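J.: Provided herewith is a single structure, encoded as structure tokens, for subsequent inquiry.
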Amino acid sequence: MFFSIDREKQDNFVCDFQFHKFFISVDSGWERYETEKHVVIYKGYADYYHLRDLIDKIITETEPSQTGNYCAIVYCKINNTITIKSDKYRSFPIYIDRGNKVTNLVKQGQTAWTDSLITITNNFEIIENKFDAIETIDVSTISLEDGIKSIASILDRKTKSLIDLRSSLPMAFRKPIHTFLSGGVDSLLVYSFLQKHTQDYKLVKYAHIDYSDFWLMNSGDIVDNWGYKQIHHWINPCILTSGAPGDEFMLRSPVTANIFLQSFGTDLDKINKDSSKLHYSYFKLPKHLKVVEQLRSDSELNKQLTKQELIWKLCNIVLNDWQHWHIENTLTWTPLRDLDIFKTILRMPHDCQIEQILDSYISKQLIADIDPGLVNLISNQKNTASMMSNLVDFYRQHS
């Protein structure tokens, strides 16, 4: 789902559209929709509707109303403007070189944060309109059981919708679902809900990259985006299930977890003492210890935050951590990228939150409620060289 909006055609993209003075250059997989007043170039998916059925609504809405993972570039024929629209929790960055370019491929100039809607006028003036991306914050506490039930309901609904929407299409238009298990808790969490609702998927037991024209021309810039350093890529249309951005939306990111802990007068280094916990080695990495050290200067400030201020701060950080959008015809399904999941965890009992940070306790409970055996496939330590070792028997059984 890469694009560049410029005054000139960009040769490192494989598709382009010209409207008025604008050239919109994109990777493969985008679709076009035209009305009397608008032309829309769009890509991705909405959680609960076919994206094409939402385009008329997306054109007219002044702020995002749908969840999912999509981008719609809307050209207005009346006033020759372009507006970049997305789902509520925009998954991709927008970089602005004022007067020249707006893109999400290469970082440059100014960054438009997730709560910014971008309009480009007919003389290439950039207008940012802000909206409330975080919305309601509930500071009341809920039980572990109610929290698990709430998160499971979100993931059940999203998964069932994915399957139902796909099934409603003619066979020729149904994209195959590919799922890859890395040994990480997030890919297993997403997989647990997928296999609960369908067996119509392919378990991918290999790394796969198709070297398309766009990939070959832009491979260096693509992998500069963190979420694309390790990803599968098929030229043919498909859906790739993804656990990203699980660390962030499940309260396990080194930055947000540490800010959360500082509000209680402690930090990651102080509580990370048990080497049997899943994230022990991960949080001991020098780069993450450096994060803790850098944030210590803000520890008093974070300790003074009200609960509402803390939740707002954490949500704002999480929303602007962009990881997986889409690459050409490979759509990445990212059901964990949901602020309601994050907010739910922040309302759960404090001891459960601590165990989630250290050992993915809440995530493991969600998996175990579907299939306890899947919990045994999670790596003993997060992101280690042997993190797939617990998958050996599982992969043998699914050969």
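Identifiers in this document derive from the order of the structure tokens: chains are assigned A, B, ..., residues are numbered from 1 separately in each chain, and ligands are numbered from 1 in order of occurrence.
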Name all residues at most 8 Å from region 119-126 of chain A (count only C-alpha atoms; drop same-chain ones fewer than 4 positions away) and give them as an MDAnalysis selection string.
T.: chainID A and resid 20:21 79:84 98:100
J.: Take the residues from that selection and write them out as a compact mmCIF listing (two decimals), in the first residue's frame, keeping N, CA and C atoms.
T.:
```txt
# COMPACT_ATOMS: atom_id res chain seq x y z
N HIS A 20 -5.49 16.40 -13.00
CA HIS A 20 -5.14 17.82 -12.95
C HIS A 20 -3.61 17.93 -12.97
N LYS A 21 -3.01 18.54 -11.95
CA LYS A 21 -1.56 18.71 -11.89
C LYS A 21 -0.87 17.57 -11.13
N ASN A 79 -13.02 20.77 -7.29
CA ASN A 79 -12.03 21.77 -6.88
C ASN A 79 -10.58 21.31 -7.06
N ASN A 80 -10.40 20.19 -7.73
CA ASN A 80 -9.05 19.67 -8.03
C ASN A 80 -8.20 19.51 -6.77
N THR A 81 -8.76 18.85 -5.77
CA THR A 81 -8.01 18.56 -4.56
C THR A 81 -7.90 17.05 -4.37
N ILE A 82 -6.93 16.66 -3.57
CA ILE A 82 -6.74 15.25 -3.21
C ILE A 82 -6.79 15.14 -1.69
N THR A 83 -7.54 14.16 -1.20
CA THR A 83 -7.59 13.88 0.23
C THR A 83 -7.17 12.43 0.47
N ILE A 84 -6.29 12.22 1.44
CA ILE A 84 -5.84 10.87 1.79
C ILE A 84 -6.67 10.39 2.97
N ARG A 98 6.69 19.62 1.58
CA ARG A 98 5.71 20.64 1.21
C ARG A 98 6.00 21.26 -0.16
N GLY A 99 4.96 21.31 -0.97
CA GLY A 99 5.06 21.88 -2.29
C GLY A 99 5.56 20.92 -3.34
N ASN A 100 5.97 19.71 -2.94
CA ASN A 100 6.57 18.79 -3.90
C ASN A 100 6.01 17.38 -3.87
```
J.: Excluding region 358-374 of chain A and residues on its chain fewer than 5 positions from it, collect all residues at most 8 Å away from it, counting only C-alpha atoms, and give them as a PDB file with N, CA and C atoms, in the first residue's frame.
T.:
```
ATOM      1  N   ILE A 148     -10.722 -10.536  29.290  1.00  0.00           N
ATOM      2  CA  ILE A 148     -10.493 -11.611  28.327  1.00  0.00           C
ATOM      3  C   ILE A 148     -11.707 -11.771  27.412  1.00  0.00           C
ATOM      4  N   ALA A 152     -11.614 -11.201  23.402  1.00  0.00           N
ATOM      5  CA  ALA A 152     -11.992 -12.358  22.585  1.00  0.00           C
ATOM      6  C   ALA A 152     -13.162 -12.020  21.682  1.00  0.00           C
ATOM      7  N   VAL A 185       4.148 -15.032  20.307  1.00  0.00           N
ATOM      8  CA  VAL A 185       2.825 -15.155  20.913  1.00  0.00           C
ATOM      9  C   VAL A 185       1.748 -14.497  20.050  1.00  0.00           C
ATOM     10  N   ASP A 186       2.087 -13.436  19.337  1.00  0.00           N
ATOM     11  CA  ASP A 186       1.069 -12.709  18.575  1.00  0.00           C
ATOM     12  C   ASP A 186       0.612 -13.470  17.331  1.00  0.00           C
ATOM     13  N   LEU A 188       0.626 -16.617  17.019  1.00  0.00           N
ATOM     14  CA  LEU A 188      -0.160 -17.746  17.529  1.00  0.00           C
ATOM     15  C   LEU A 188      -1.530 -17.304  18.030  1.00  0.00           C
ATOM     16  N   LEU A 189      -1.604 -16.105  18.586  1.00  0.00           N
ATOM     17  CA  LEU A 189      -2.895 -15.582  19.023  1.00  0.00           C
ATOM     18  C   LEU A 189      -3.822 -15.380  17.823  1.00  0.00           C
ATOM     19  N   SER A 192      -4.839 -18.765  16.453  1.00  0.00           N
ATOM     20  CA  SER A 192      -5.817 -19.488  17.276  1.00  0.00           C
ATOM     21  C   SER A 192      -7.243 -19.082  16.909  1.00  0.00           C
ATOM     22  N   PHE A 193      -7.465 -17.795  16.654  1.00  0.00           N
ATOM     23  CA  PHE A 193      -8.804 -17.345  16.277  1.00  0.00           C
ATOM     24  C   PHE A 193      -9.125 -17.731  14.832  1.00  0.00           C
ATOM     25  N   LYS A 196     -10.046 -21.374  14.757  1.00  0.00           N
ATOM     26  CA  LYS A 196     -11.319 -21.559  15.453  1.00  0.00           C
ATOM     27  C   LYS A 196     -12.492 -21.414  14.483  1.00  0.00           C
ATOM     28  N   MET A 250      -0.731  -4.787  22.793  1.00  0.00           N
ATOM     29  CA  MET A 250      -0.932  -5.734  23.889  1.00  0.00           C
ATOM     30  C   MET A 250      -0.067  -5.376  25.104  1.00  0.00           C
ATOM     31  N   ARG A 252       3.212  -4.517  25.507  1.00  0.00           N
ATOM     32  CA  ARG A 252       4.506  -5.152  25.688  1.00  0.00           C
ATOM     33  C   ARG A 252       5.629  -4.400  24.973  1.00  0.00           C
ATOM     34  N   ASN A 272      12.014  -6.786  35.871  1.00  0.00           N
ATOM     35  CA  ASN A 272      12.365  -7.892  34.970  1.00  0.00           C
ATOM     36  C   ASN A 272      13.473  -8.744  35.592  1.00  0.00           C
ATOM     37  N   LYS A 277      10.439 -15.939  32.485  1.00  0.00           N
ATOM     38  CA  LYS A 277       9.374 -15.192  31.816  1.00  0.00           C
ATOM     39  C   LYS A 277       9.708 -15.006  30.333  1.00  0.00           C
ATOM     40  N   LEU A 278       8.690 -14.983  29.495  1.00  0.00           N
ATOM     41  CA  LEU A 278       8.854 -14.946  28.041  1.00  0.00           C
ATOM     42  C   LEU A 278       9.695 -13.768  27.560  1.00  0.00           C
ATOM     43  N   HIS A 279       9.549 -12.606  28.195  1.00  0.00           N
ATOM     44  CA  HIS A 279      10.197 -11.407  27.674  1.00  0.00           C
ATOM     45  C   HIS A 279      11.463 -11.022  28.443  1.00  0.00           C
ATOM     46  N   TYR A 280      11.943 -11.921  29.280  1.00  0.00           N
ATOM     47  CA  TYR A 280      13.121 -11.603  30.102  1.00  0.00           C
ATOM     48  C   TYR A 280      14.309 -11.174  29.234  1.00  0.00           C
ATOM     49  N   CYS A 352      -2.287  -8.512  36.636  1.00  0.00           N
ATOM     50  CA  CYS A 352      -2.410  -9.124  35.305  1.00  0.00           C
ATOM     51  C   CYS A 352      -1.648  -8.300  34.261  1.00  0.00           C
ATOM     52  N   GLN A 353      -1.687  -6.995  34.394  1.00  0.00           N
ATOM     53  CA  GLN A 353      -0.945  -6.126  33.481  1.00  0.00           C
ATOM     54  C   GLN A 353       0.561  -6.370  33.597  1.00  0.00           C
TER      55      GLN A 353
END
```
J.: Can you list every residue in region 264-338 of chain A that DSSP puts in strand (DSSP E or B), as a list in words?
T.: His326, Ile327, Thr330, Leu331, Thr332 and Trp333 of chain A
J.: Which residues, written as a ChimeraX atom specification, have at least one atom at most 8 Å from Tyr191 (chain A), with only C-alpha atoms counted and residues fewer than 3 positions away on the same chain left out?
T.: /A:179,181,187-188,194-195,241
J.: Filtering to N, CA and C atoms, could you give me those residues as an mmCIF file, in the first residue's frame?
T.:
```
data_model
loop_
_atom_site.group_PDB
_atom_site.id
_atom_site.type_symbol
_atom_site.label_atom_id
_atom_site.label_comp_id
_atom_site.auth_asym_id
_atom_site.auth_seq_id
_atom_site.Cartn_x
_atom_site.Cartn_y
_atom_site.Cartn_z
ATOM 1 N N THR A 179 -0.931 -18.203 6.472
ATOM 2 C CA THR A 179 -0.583 -17.900 7.863
ATOM 3 C C THR A 179 0.771 -18.501 8.197
ATOM 4 N N LEU A 181 3.614 -19.074 11.327
ATOM 5 C CA LEU A 181 3.863 -19.076 12.762
ATOM 6 C C LEU A 181 5.358 -18.921 13.007
ATOM 7 N N SER A 187 1.564 -14.058 16.604
ATOM 8 C CA SER A 187 1.159 -14.830 15.426
ATOM 9 C C SER A 187 0.324 -16.037 15.849
ATOM 10 N N LEU A 188 0.626 -16.617 17.019
ATOM 11 C CA LEU A 188 -0.160 -17.746 17.529
ATOM 12 C C LEU A 188 -1.530 -17.304 18.030
ATOM 13 N N LEU A 194 -8.116 -17.717 13.957
ATOM 14 C CA LEU A 194 -8.349 -18.118 12.573
ATOM 15 C C LEU A 194 -8.795 -19.570 12.501
ATOM 16 N N GLN A 195 -8.049 -20.475 13.149
ATOM 17 C CA GLN A 195 -8.382 -21.902 13.054
ATOM 18 C C GLN A 195 -9.630 -22.250 13.854
ATOM 19 N N THR A 241 -1.925 -13.433 7.278
ATOM 20 C CA THR A 241 -2.265 -13.103 8.658
ATOM 21 C C THR A 241 -1.017 -12.604 9.379
#
```
J.: Counting only C-alpha atoms, figure out which residue out of A:Phe249, A:Phe23, A:Phe283, A:Tyr206 gets nearest to Leu346 (chain A).
T.: A:Phe249
J.: Between CA of Asn380 (chain A) and CA of Gly246 (chain A), what distance in Å does the model show, to one decimal?
T.: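 CA of Gly246 (chain A) lies 17.4 Å from CA of Asn380 (chain A).
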J.: Find, counting only C-alpha atoms, the residue in A:Lys158, A:Leu105, A:His326, A:Cys238 that gets nearest to Tyr42 (chain A).
T.: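 Going through A:Lys158, A:Leu105, A:His326, A:Cys238 one by one, the smallest distance to Tyr42 (chain A) is for A:His326.
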J.: Which residues, written as a list in words, have at least one atom at most 9 Å from region 132-134 of chain A, with only C-alpha atoms counted and residues fewer than 6 positions away on the same chain left out?
T.: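 Result of the neighbour search: Glu63, Pro64, Lys88, Tyr89, Thr114, Asp115, Ser116, Trp312, Cys315, Asn316, Leu319 and Leu339 of chain A.
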J.: As a PyMOL selection string, please: every residue in region 153-304 of chain A that a backbone DSSP assignment puts in helix (DSSP H, G or I).
T.: chain A and resi 153-167+171-173+185-197+213-223+226-228+246-249+254-262+268-271+280-284+286-303
J.: Please identify all polymer residues within 10 Å of Glu34 (chain A), counting only C-alpha atoms, omitting same-chain residues fewer than 3 positions from it, and present them as a PyMOL selection string.
T.: chain A and resi 37-41+55-56+74-75
J.: Would you write out those residues with N, CA and C atoms, as an mmCIF file, in the first residue's frame?
T.:
```
data_model
loop_
_atom_site.group_PDB
_atom_site.id
_atom_site.type_symbol
_atom_site.label_atom_id
_atom_site.label_comp_id
_atom_site.auth_asym_id
_atom_site.auth_seq_id
_atom_site.Cartn_x
_atom_site.Cartn_y
_atom_site.Cartn_z
ATOM 1 N N LYS A 37 -18.352 13.171 -9.351
ATOM 2 C CA LYS A 37 -17.537 14.233 -8.766
ATOM 3 C C LYS A 37 -16.166 13.782 -8.275
ATOM 4 N N HIS A 38 -15.962 12.486 -8.153
ATOM 5 C CA HIS A 38 -14.732 12.016 -7.530
ATOM 6 C C HIS A 38 -14.132 10.819 -8.279
ATOM 7 N N VAL A 39 -12.826 10.672 -8.147
ATOM 8 C CA VAL A 39 -12.127 9.448 -8.521
ATOM 9 C C VAL A 39 -11.365 8.980 -7.278
ATOM 10 N N VAL A 40 -11.506 7.706 -6.957
ATOM 11 C CA VAL A 40 -10.877 7.167 -5.754
ATOM 12 C C VAL A 40 -9.947 6.011 -6.139
ATOM 13 N N ILE A 41 -8.714 6.083 -5.666
ATOM 14 C CA ILE A 41 -7.764 4.987 -5.789
ATOM 15 C C ILE A 41 -7.643 4.388 -4.390
ATOM 16 N N ILE A 55 -16.898 2.983 -0.235
ATOM 17 C CA ILE A 55 -16.202 4.106 -0.854
ATOM 18 C C ILE A 55 -17.050 5.372 -0.880
ATOM 19 N N ASP A 56 -18.323 5.262 -1.211
ATOM 20 C CA ASP A 56 -19.177 6.463 -1.220
ATOM 21 C C ASP A 56 -19.215 7.117 0.159
ATOM 22 N N VAL A 74 -8.529 10.192 -2.580
ATOM 23 C CA VAL A 74 -9.761 10.720 -3.188
ATOM 24 C C VAL A 74 -9.443 12.007 -3.950
ATOM 25 N N TYR A 75 -9.666 11.972 -5.265
ATOM 26 C CA TYR A 75 -9.507 13.173 -6.090
ATOM 27 C C TYR A 75 -10.873 13.784 -6.360
#
```
J.: Nearest residue to Ser153 (chain A) out of A:Ser4, A:Asn129, A:Thr344, A:Ser386, using only C-alpha atoms?
T.: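 Going through A:Ser4, A:Asn129, A:Thr344, A:Ser386 one by one, the smallest distance to Ser153 (chain A) is for A:Thr344.
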J.: Can you pull out the residues contacting Val139 (chain A)? Cut-off 12 Å, using only C-alpha atoms, and skip same-chain residues under 4 positions away; I want them as an MDAnalysis selection string.
T.: chainID A and resid 306:312 343:349
J.: Please list as a PyMOL selection string every residue within 7 Å of Ile378 (chain A), counting only C-alpha atoms and excluding residues in the same chain fewer than 6 positions away.
T.: chain A and resi 183-185+390
